Amino acid sequence: MEGEITPTPTLPVDTRRHVPRTDAVLADPRLAAAVDRLGRGVVKSVLAGVQERARAGELSPSDVAEETVAALPATASALRPVINATGVLLHTNLGRAPLSAAAREALLAASGTTDVELDLATGARARRGRSAIEALLGRVPAAEAAHVVNNGAAALVLAATALARGKDIVVSRGELVEIGDGFRLPDLLVSTGARLREVGTTNRTALADYASAVGPDTGFVLKVHPSNFRVTGFTGGVGVADLRGLGVPVVADIGSGLLTRDAALPDEPDATGWLRAGADLVTASGDKLLGGPQCGLLLGRADLVRRLARHPLARALRVDKLTLAALEATLRGPATPVHSSLHADPGRLRERAQRLAASLRAAGLDCRAVASEAVIGGGGAPGVALPSAAVSLPASCAGPLRQAVPAVMGRVEQGRCLLDLRAVPEDMDDALAAAARQAGEAAAAPPVGSRPAASPGVTPAPGRSPGSGRDLGPSAAGRAERTPPTGAHDPRGR
Ligand SMILES: *Cc1c(COP(=O)(O)O)cnc(C)c1O
């Protein structure tokens, strides 16, 4: 039982006085350097845990310094890198889009003092984030102007506050979505002092519904892409192109941040397409399909963007230099990890899964390569299944995998822990294999004093088809047929 440790016969019964004192251990040059790097509190708390284990007889007092050095975290933040092997490309619990190397470098370079609001040529103050805005407009020439705020919700709040406070926002009943974790678009919009004027029904809304609701009290018509669910059957909506004729501004929330059409996601709206269709303002997230940092994009008519940017609320929603740097590098830089995952070649994923499975089998693990299906998640492309491949391990590995370094998050399906490779960059395969070996050992022989593994925490498998999990022997190539998922959406994937 935890806490009840029988003293090991080879150790003195009272090891307490032999456990080196904190000051003495911290004098070790390696730990003194760690104090400079991580801060005294961080190092002391790691040391305290190691001393506790020594007192409990789990390790020799002479190893306390060594063990503490080994247990030090990589950074002074408790946030740990996690390999996303869930098969959900944009996993909200894992921070949505992973940044490209270009974005990470730009972010780091901007993290000291930087010319975010200064013209170095003249020494005068300059427009904050101007180069990120230029990059955005370079990618979306259909927009006259752009503004960046903290996230997609903030973009909507700013638009509603600046354009519709005390007025009506006319919106289809079928588009009043819950974004996730209990945040509902209608509540968000009403919190700004705007009134919601719902039109149509859940499944069908006609242009006449909008037309009869629009009047002198209308702030704007809102078009929302229902990005985390699909309504099928007897449905009907009104496109942006038809809404433009109503004589009031059309604000369109695309959600995902796709700037231009992506052939892999034919039903996903993009900023350019909706602006060309007649939207006056498009709002989107930066950390979904765009693959950048968390931020909210506002693109469209220059006069409207200016009104938003000059509204007092804009100051409360403004982004920091780190976000601006990462966003600009995402926009100007090479393909993002999200883009690479989305367009990964299923054959290549299969080869990687087979290679990883073979190496883990050679290390003695119960492991095989299986067919899998990945999803976009994070509020994008509901119902789209991406053929993928996974490494299948015993479900008992799930907990130890999360505790490995780096941590690995898979998903448990039909009694197996699947490590789906679609969202795992190929250069992480070796780290993934190392983590799986650690986890395999831990699952086979839990160390003394370790907590029993909690129930294998897993991502619910959104809309998995029964095709997922089939063996991927070499002869299975090409067998991974696409089975459309049931249309269920992942409540945690946003
Ligand atoms: C994700 C999403 C939002 C919220 O964006 P955040 O960046 O998460 O604040 C709003 N609307 C739609 C349609 C979305 O998909």
# chains A, B, ... in the order shown; residues from 1 in each chain; ligands from 1
$ residues_near_ligand --ligand "ligand 1" --cutoff "8 Å" --atoms "only C-alpha atoms and all ligand atoms" --output "PyMOL selection string"
chain A and resi 150-156+177+179+185+224-228+253-256+283-288+294-296+378-380+494
$ select_by_dssp --residues "segment 293-405 of chain A" --states "alpha helix (DSSP H)" --output "compact mmCIF listing (two decimals) with C-alpha atoms, in the first residue's frame"
# COMPACT_ATOMS: atom_id res chain seq x y z
CA ALA A 302 -11.17 48.74 -44.34
CA ASP A 303 -13.78 51.01 -42.71
CA LEU A 304 -15.13 48.20 -40.53
CA VAL A 305 -11.69 46.94 -39.51
CA ARG A 306 -10.72 50.51 -38.60
CA ARG A 307 -13.82 50.87 -36.41
CA LEU A 308 -12.95 47.65 -34.58
CA ALA A 309 -9.27 48.48 -34.16
CA ARG A 310 -10.12 51.92 -32.72
CA PRO A 312 -11.69 50.90 -26.66
CA LEU A 313 -12.29 47.17 -26.24
CA ALA A 314 -9.59 46.44 -28.83
CA ARG A 315 -6.96 47.42 -26.26
CA ALA A 316 -8.19 44.71 -23.90
CA LYS A 321 4.65 40.37 -29.37
CA LEU A 322 5.09 36.60 -29.08
CA THR A 323 1.80 35.97 -30.85
CA LEU A 324 2.53 38.53 -33.54
CA ALA A 325 5.96 37.04 -34.19
CA ALA A 326 4.65 33.47 -34.36
CA LEU A 327 1.70 34.46 -36.53
CA GLU A 328 3.86 36.31 -39.04
CA ALA A 329 6.33 33.42 -39.27
CA THR A 330 3.43 30.98 -39.69
CA LEU A 331 2.08 33.07 -42.56
CA ARG A 332 5.39 33.68 -44.31
CA PRO A 337 2.89 20.95 -38.97
CA VAL A 338 -0.93 21.04 -39.18
CA HIS A 339 -0.75 21.30 -42.96
CA SER A 340 1.78 18.45 -43.10
CA SER A 341 -0.41 16.24 -40.90
CA LEU A 342 -3.49 17.01 -42.94
CA PRO A 346 -1.31 7.30 -45.80
CA GLY A 347 1.21 4.91 -47.36
CA ARG A 348 4.05 6.70 -45.61
CA LEU A 349 2.13 6.64 -42.29
CA ARG A 350 1.71 2.89 -42.74
CA GLU A 351 5.42 2.38 -43.35
CA ARG A 352 6.27 4.38 -40.25
CA ALA A 353 3.80 2.37 -38.15
CA GLN A 354 5.25 -0.91 -39.42
CA ARG A 355 8.82 0.19 -38.78
CA LEU A 356 7.99 1.39 -35.26
CA ALA A 357 6.00 -1.76 -34.47
CA ALA A 358 8.85 -3.98 -35.67
CA SER A 359 11.39 -2.17 -33.50
CA LEU A 360 9.10 -2.33 -30.45
CA ARG A 361 8.39 -6.02 -31.01
CA ALA A 362 12.13 -6.57 -31.16
CA ALA A 398 -1.52 4.35 -21.86
CA GLY A 399 -0.80 5.61 -18.34
CA PRO A 400 2.98 5.01 -18.44
CA LEU A 401 3.10 6.63 -21.90
CA ARG A 402 1.66 9.81 -20.43
CA GLN A 403 4.37 9.73 -17.75
$ residues_around --residues "Gly219 of chain A" --least-positions-apart "4" --cutoff "10 Å" --atoms "only C-alpha atoms" --output "number ranges by chain"
A: 159-170, 194-195, 214-215, 248-251
$ residues_around --residues "segment 438-441 of chain A" --least-positions-apart "6" --cutoff "12 Å" --atoms "only C-alpha atoms" --output "mmCIF file with C-alpha atoms, in the first residue's frame"
data_model
loop_
_atom_site.group_PDB
_atom_site.id
_atom_site.type_symbol
_atom_site.label_atom_id
_atom_site.label_comp_id
_atom_site.auth_asym_id
_atom_site.auth_seq_id
_atom_site.Cartn_x
_atom_site.Cartn_y
_atom_site.Cartn_z
ATOM 1 C CA LEU A 360 9.105 -2.330 -30.448
ATOM 2 C CA ARG A 361 8.390 -6.024 -31.008
ATOM 3 C CA ALA A 363 12.324 -4.872 -27.768
ATOM 4 C CA GLY A 364 9.843 -7.421 -26.426
ATOM 5 C CA LEU A 365 6.633 -5.398 -26.556
ATOM 6 C CA ASP A 366 3.246 -6.741 -27.591
ATOM 7 C CA CYS A 367 2.948 -4.416 -30.525
ATOM 8 C CA SER A 392 -1.094 -0.707 -31.234
ATOM 9 C CA LEU A 393 0.109 -1.491 -27.686
ATOM 10 C CA PRO A 394 -1.565 -3.055 -24.655
ATOM 11 C CA ALA A 395 -4.009 -0.632 -23.045
ATOM 12 C CA SER A 396 -1.934 -0.825 -19.849
ATOM 13 C CA CYS A 397 0.730 1.259 -21.636
ATOM 14 C CA ALA A 398 -1.517 4.345 -21.859
ATOM 15 C CA GLY A 399 -0.796 5.605 -18.335
ATOM 16 C CA PRO A 400 2.980 5.008 -18.444
ATOM 17 C CA LEU A 401 3.100 6.629 -21.896
ATOM 18 C CA ARG A 402 1.659 9.815 -20.431
ATOM 19 C CA GLN A 403 4.366 9.730 -17.752
ATOM 20 C CA ALA A 404 7.193 9.101 -20.218
ATOM 21 C CA VAL A 405 9.644 11.773 -21.341
ATOM 22 C CA PRO A 406 8.489 13.189 -23.648
ATOM 23 C CA ALA A 407 4.933 12.343 -22.649
ATOM 24 C CA VAL A 408 2.863 10.547 -25.259
ATOM 25 C CA MET A 409 -0.913 10.817 -25.487
ATOM 26 C CA CYS A 417 -3.621 1.764 -26.762
ATOM 27 C CA ALA A 431 11.300 9.774 -29.341
ATOM 28 C CA LEU A 432 7.959 8.004 -29.642
ATOM 29 C CA PRO A 447 8.377 0.180 -9.681
ATOM 30 C CA ALA A 453 -1.855 3.372 -13.024
#
$ closest_residue --among "A:Lys223, A:Arg244, A:Arg139, A:His18" --to "Gln51 of chain A" --atoms "only C-alpha atoms"
A:His18
$ residues_around --residues "segment 56-70 of chain A" --least-positions-apart "6" --cutoff "6 Å" --atoms "only C-alpha atoms" --output "number ranges by chain"
A: 19, 25, 47
$ write_last_selection --atoms "N, CA and C atoms" --output "compact mmCIF listing (two decimals), in the first residue's frame"
# COMPACT_ATOMS: atom_id res chain seq x y z
N VAL A 19 20.03 11.00 5.33
CA VAL A 19 19.61 11.71 4.12
C VAL A 19 20.24 13.09 4.15
N VAL A 25 23.00 19.45 -0.32
CA VAL A 25 22.78 18.95 -1.69
C VAL A 25 22.80 20.10 -2.69
N LEU A 47 14.09 18.36 -5.17
CA LEU A 47 14.97 17.77 -4.15
C LEU A 47 14.14 17.20 -2.99
